[in-house]
Every structure is written in structure tokens, then in C-alpha cells.
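A.B. asks: Got final33.cif for you, mmCIF, C-alpha atoms:
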```cif
data_structure
loop_
_atom_site.label_atom_id
_atom_site.label_comp_id
_atom_site.auth_asym_id
_atom_site.auth_seq_id
_atom_site.Cartn_x
_atom_site.Cartn_y
_atom_site.Cartn_z
CA MET A 222 40.31 55.98 20.92
CA SER A 223 39.51 53.81 23.92
CA GLU A 224 35.85 53.00 23.41
CA GLN A 225 34.10 51.91 20.25
CA LEU A 226 30.55 51.52 19.03
CA SER A 227 29.14 48.05 18.55
CA TRP A 228 25.71 46.85 17.59
CA GLN A 229 23.69 43.75 16.96
CA SER A 230 20.21 43.23 15.63
CA GLU A 231 17.76 40.52 16.53
CA ALA A 232 13.99 40.19 16.22
CA GLY A 233 13.39 43.76 15.04
CA ARG A 234 15.58 45.26 17.76
CA LEU A 235 18.91 47.04 17.26
CA GLN A 236 21.10 47.03 20.38
CA LEU A 237 23.74 49.78 20.43
CA ALA A 238 26.64 49.55 22.89
CA GLY A 239 29.70 51.62 23.70
CA VAL A 240 30.14 55.19 22.54
CA LEU A 241 27.99 56.85 19.87
CA GLU A 242 30.05 59.89 18.92
CA ARG A 243 31.40 61.55 15.80
CA GLU A 244 34.61 59.51 16.04
CA THR A 245 32.85 56.13 16.39
CA LEU A 246 29.73 56.23 14.22
CA LEU A 247 31.19 56.00 10.71
CA THR A 248 30.81 52.22 10.32
CA LEU A 249 27.16 52.29 11.41
CA TRP A 250 26.56 55.32 9.17
CA GLU A 251 27.93 53.43 6.16
CA LYS A 252 25.70 50.39 6.87
CA ARG A 253 22.62 52.28 8.12
CA PHE A 254 20.23 51.30 5.31
CA ASP A 255 21.03 47.58 5.56
CA VAL A 256 21.00 47.66 9.36
CA MET A 257 17.59 49.35 9.51
CA LYS A 258 15.74 46.96 7.14
CA GLN A 259 14.01 44.94 9.88
CA ILE A 260 14.35 47.28 12.88
CA ASP A 261 11.45 48.87 14.76
CA THR A 262 13.19 49.43 18.14
CA ILE A 263 16.64 50.75 18.99
CA ASP A 264 17.92 49.87 22.46
CA VAL A 265 20.36 52.55 23.62
CA SER A 266 20.69 51.30 27.22
CA ALA A 267 24.24 50.01 26.69
CA LEU A 268 25.57 53.31 25.31
CA SER A 269 28.00 54.94 27.72
CA ARG A 270 28.17 58.24 25.82
CA VAL A 271 26.30 60.01 23.01
CA ASP A 272 27.30 63.36 21.50
CA SER A 273 25.33 65.62 19.16
CA ALA A 274 26.58 63.73 16.08
CA GLY A 275 25.38 60.48 17.64
CA LEU A 276 22.02 62.07 18.38
CA ALA A 277 21.82 63.24 14.77
CA LEU A 278 22.43 59.65 13.64
CA LEU A 279 19.56 58.43 15.85
CA VAL A 280 17.28 61.03 14.26
CA HIS A 281 18.44 59.89 10.81
CA LEU A 282 17.79 56.23 11.67
CA ARG A 283 14.27 57.25 12.68
CA GLN A 284 13.85 58.94 9.30
CA ILE A 285 14.97 55.76 7.50
CA ALA A 286 12.43 53.72 9.47
CA GLN A 287 9.73 56.27 8.67
CA GLN A 288 10.54 56.01 4.96
CA GLN A 289 10.08 52.24 5.33
CA GLY A 290 6.62 52.83 6.81
CA LYS A 291 7.61 52.04 10.41
CA THR A 292 7.41 54.00 13.66
CA LEU A 293 10.79 53.62 15.32
CA ARG A 294 10.88 53.42 19.11
CA PHE A 295 13.85 53.82 21.43
CA SER A 296 14.34 51.92 24.66
CA GLY A 297 16.79 52.34 27.51
CA ILE A 298 17.19 56.11 27.23
CA THR A 299 19.44 57.25 30.06
CA ASP A 300 19.08 60.51 31.96
CA LYS A 301 22.09 61.97 30.12
CA LEU A 302 20.68 61.07 26.71
CA SER A 303 17.26 62.33 27.76
CA SER A 304 18.85 65.67 28.68
CA LEU A 305 20.56 65.87 25.28
CA ILE A 306 17.27 65.06 23.55
CA ALA A 307 15.54 67.81 25.55
CA LEU A 308 18.36 70.28 24.84
CA TYR A 309 17.73 69.87 21.11
CA ASN A 310 13.94 69.74 21.62
CA LEU A 311 13.67 66.29 20.04
CA GLN A 312 11.24 64.69 22.50
CA GLN A 313 8.63 64.29 19.73
CA ILE A 314 11.23 62.76 17.37
CA ILE A 315 13.06 60.35 19.69
CA LEU A 316 10.06 58.34 20.92
CA SER A 317 10.71 56.16 23.94
CA ASP A 318 8.90 52.93 24.69
CA ILE A 319 9.77 53.14 28.39
#
```
Go ahead and render the structure in this file as C-alpha cells.

C.D. replies:
Amino acid sequence: MSEQLSWQSEAGRLQLAGVLERETLLTLWEKRFDVMKQIDTIDVSALSRVDSAGLALLVHLRQIAQQQGKTLRFSGITDKLSSLIALYNLQQIILSDI
């Protein structure tokens, strides 16, 4: 596995970097509830690749935020990720703050 997923949170913003795929998302999945406690924006601009499992995790993170009474926004959505979002008809779920 050449690329990994990394993240950091600061001031309500979660910055994801690297590859968000089935093989790399386990650590974030295990820590998702703690990670999402103070997050209202997820910056995906530094992700080089996202697969359908990664997209499912983004949808799940949105659901966690919603359960906490927050509206989660996404920033830095690339054309490739935008195409994947459209392919799964998730434009109303993955809200961008472009």
C-alpha cells in the first residue's frame, strides 16, 4: 500500500489527505465519533483518490454530524469526487461550501 489516509482537525474543520479507500479508511472509521465531535466542515481538497467505500464514509460522517445537530459541509471537492458523488446521486447529501 503506497498511499495512506491522514487527517487533522482544527477550529471545526477536518482536513483529509491522501487516499480515502476501503484499504485506508479503517483507522478513521474506528475513531469517527471522537473525530466528528467538533467538526462542521470536512476539507477533501488534499485527497488524491476516493472510492465508493470512501464516499460511503463521507456520507456516514455527515449522518454523525446530523445526529449532533449540525449541518456538515464539504470543501475542496475535486472534479473526480464530484463525478463520483453525481454517479451515486448524492449531490443533496454531500453539500459543498464552494

A.B. asks: With distances taken over all atoms listed in the file, which residue among A:Lys252, A:Phe295, A:Leu276, A:Leu246 lies nearest Arg234 in chain A?

C.D. replies: A:Phe295

A.B. asks: Expanded to explicit residues, what is the PyMOL selection byres ((chain A and resi 293) around 7) for this file, as a list of chain:residue names?

C.D. replies: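 Those residues are A:Asp261, A:Thr262, A:Arg283, A:Ala286, A:Lys291, A:Thr292, A:Arg294, A:Phe295.
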
A.B. asks: Could you list, as a PyMOL selection string, every residue within 9 Å of range 302-305 of chain A, counting only C-alpha atoms and ignoring same-chain residues fewer than 3 positions away?

C.D. replies: chain A and resi 270-273+276+298-299+308-312

A.B. asks: Could you tell me which of A:Met257, A:Leu241, A:Ser317, A:Glu231 comes closest to Gln284 in chain A if we count only C-alpha atoms?

C.D. replies: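 Checking each candidate against Gln284 in chain A, we get A:Met257 as the closest.
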
A.B. asks: Select, counting only C-alpha atoms, all protein, DNA and RNA residues no farther than 10 Å from (28.5, 50.8, 21.4) in file coordinates, and express the selection as a ChimeraX atom specification.

C.D. replies: /A:224-229,236-242,245-246,265-271

A.B. asks: In Å to one decimal, how far is CA of Val280 in chain A from CA of Leu316 in chain A?

C.D. replies: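 A separation of 10.2 Å between them.
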
A.B. asks: For Arg243 in chain A, which of A:Leu278, A:Asp255, A:Gln289, A:Ser230 is the closest residue, counting all atoms listed in the file?

C.D. replies: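 Using all atoms listed in the file, Arg243 in chain A sits closest to A:Leu278.
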
A.B. asks: Which residue gives the smallest distance to Phe254 in chain A among A:Ala274, A:Ala307, A:Ile285, A:Leu235, with all atoms listed in the file counted?

C.D. replies: A:Ile285

A.B. asks: Would you mind reading off the distance between CA of Lys301 in chain A and CA of Lys258 in chain A, one decimal, in Å?

C.D. replies: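 Between these atoms lies a distance of 28.2 Å.
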
A.B. asks: Determine the nearest neighbour of Gly233 in chain A from the options A:Arg253, A:Asp264, A:Ile315, A:Leu247, counting all atoms listed in the file.

C.D. replies: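 So, comparing all the options, the nearest one is A:Asp264.
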
A.B. asks: Give the answer as one residue: which of A:Asp318, A:Ala232, A:Ile306, A:Glu244 has the shortest atom-to-atom distance to Ala277 in chain A, using all atoms listed in the file?

C.D. replies: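 Answer, going by the shortest atom-to-atom distance: A:Ile306.
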
A.B. asks: When you draw a straight line from CA of Leu279 in chain A to CA of Leu249 in chain A, how long is it in Å?

C.D. replies: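 Here the two named atoms are 10.7 Å from each other.
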
A.B. asks: From the structure just shown, export range 297-314 of chain A with N, CA, C and O atoms as a tab-separated table (two decimals), in the first residue's frame.

C.D. replies:
```tsv
chain	number	residue	atom	x	y	z
A	297	GLY	N	-13.45	21.83	-1.05
A	297	GLY	CA	-12.37	21.29	-1.86
A	297	GLY	C	-12.73	20.06	-2.68
A	297	GLY	O	-11.87	19.25	-3.00
A	298	ILE	N	-13.99	19.92	-3.03
A	298	ILE	CA	-14.42	18.76	-3.82
A	298	ILE	C	-13.84	18.86	-5.23
A	298	ILE	O	-14.08	19.83	-5.93
A	299	THR	N	-13.07	17.85	-5.61
A	299	THR	CA	-12.44	17.82	-6.92
A	299	THR	C	-13.44	17.38	-7.98
A	299	THR	O	-14.53	16.88	-7.66
A	300	ASP	N	-13.08	17.54	-9.24
A	300	ASP	CA	-13.94	17.09	-10.33
A	300	ASP	C	-14.19	15.59	-10.26
A	300	ASP	O	-15.31	15.13	-10.50
A	301	LYS	N	-13.15	14.81	-9.94
A	301	LYS	CA	-13.31	13.35	-9.85
A	301	LYS	C	-14.29	12.97	-8.73
A	301	LYS	O	-15.15	12.14	-8.92
A	302	LEU	N	-14.12	13.60	-7.57
A	302	LEU	CA	-15.03	13.30	-6.46
A	302	LEU	C	-16.44	13.78	-6.79
A	302	LEU	O	-17.41	13.09	-6.49
A	303	SER	N	-16.55	14.91	-7.43
A	303	SER	CA	-17.85	15.43	-7.84
A	303	SER	C	-18.55	14.45	-8.79
A	303	SER	O	-19.75	14.22	-8.68
A	304	SER	N	-17.79	13.86	-9.69
A	304	SER	CA	-18.35	12.86	-10.60
A	304	SER	C	-18.84	11.63	-9.86
A	304	SER	O	-19.90	11.08	-10.17
A	305	LEU	N	-18.07	11.18	-8.85
A	305	LEU	CA	-18.48	10.03	-8.05
A	305	LEU	C	-19.74	10.36	-7.26
A	305	LEU	O	-20.67	9.55	-7.18
A	306	ILE	N	-19.80	11.55	-6.70
A	306	ILE	CA	-20.99	11.99	-5.97
A	306	ILE	C	-22.21	11.99	-6.89
A	306	ILE	O	-23.28	11.52	-6.52
A	307	ALA	N	-22.04	12.49	-8.11
A	307	ALA	CA	-23.14	12.53	-9.07
A	307	ALA	C	-23.54	11.12	-9.51
A	307	ALA	O	-24.73	10.82	-9.67
A	308	LEU	N	-22.56	10.24	-9.68
A	308	LEU	CA	-22.83	8.86	-10.09
A	308	LEU	C	-23.75	8.17	-9.09
A	308	LEU	O	-24.65	7.42	-9.47
A	309	TYR	N	-23.56	8.45	-7.81
A	309	TYR	CA	-24.39	7.86	-6.77
A	309	TYR	C	-25.57	8.75	-6.37
A	309	TYR	O	-26.28	8.45	-5.41
A	310	ASN	N	-25.75	9.86	-7.10
A	310	ASN	CA	-26.87	10.78	-6.88
A	310	ASN	C	-26.90	11.30	-5.44
A	310	ASN	O	-27.93	11.33	-4.78
A	311	LEU	N	-25.73	11.74	-4.97
A	311	LEU	CA	-25.59	12.21	-3.60
A	311	LEU	C	-25.37	13.72	-3.50
A	311	LEU	O	-24.92	14.22	-2.46
A	312	GLN	N	-25.72	14.46	-4.53
A	312	GLN	CA	-25.50	15.90	-4.54
A	312	GLN	C	-26.23	16.60	-3.39
A	312	GLN	O	-25.76	17.62	-2.89
A	313	GLN	N	-27.37	16.08	-2.97
A	313	GLN	CA	-28.14	16.69	-1.88
A	313	GLN	C	-27.62	16.25	-0.51
A	313	GLN	O	-27.97	16.83	0.51
A	314	ILE	N	-26.76	15.22	-0.49
A	314	ILE	CA	-26.23	14.69	0.76
A	314	ILE	C	-24.85	15.29	1.04
A	314	ILE	O	-24.56	15.73	2.15
```
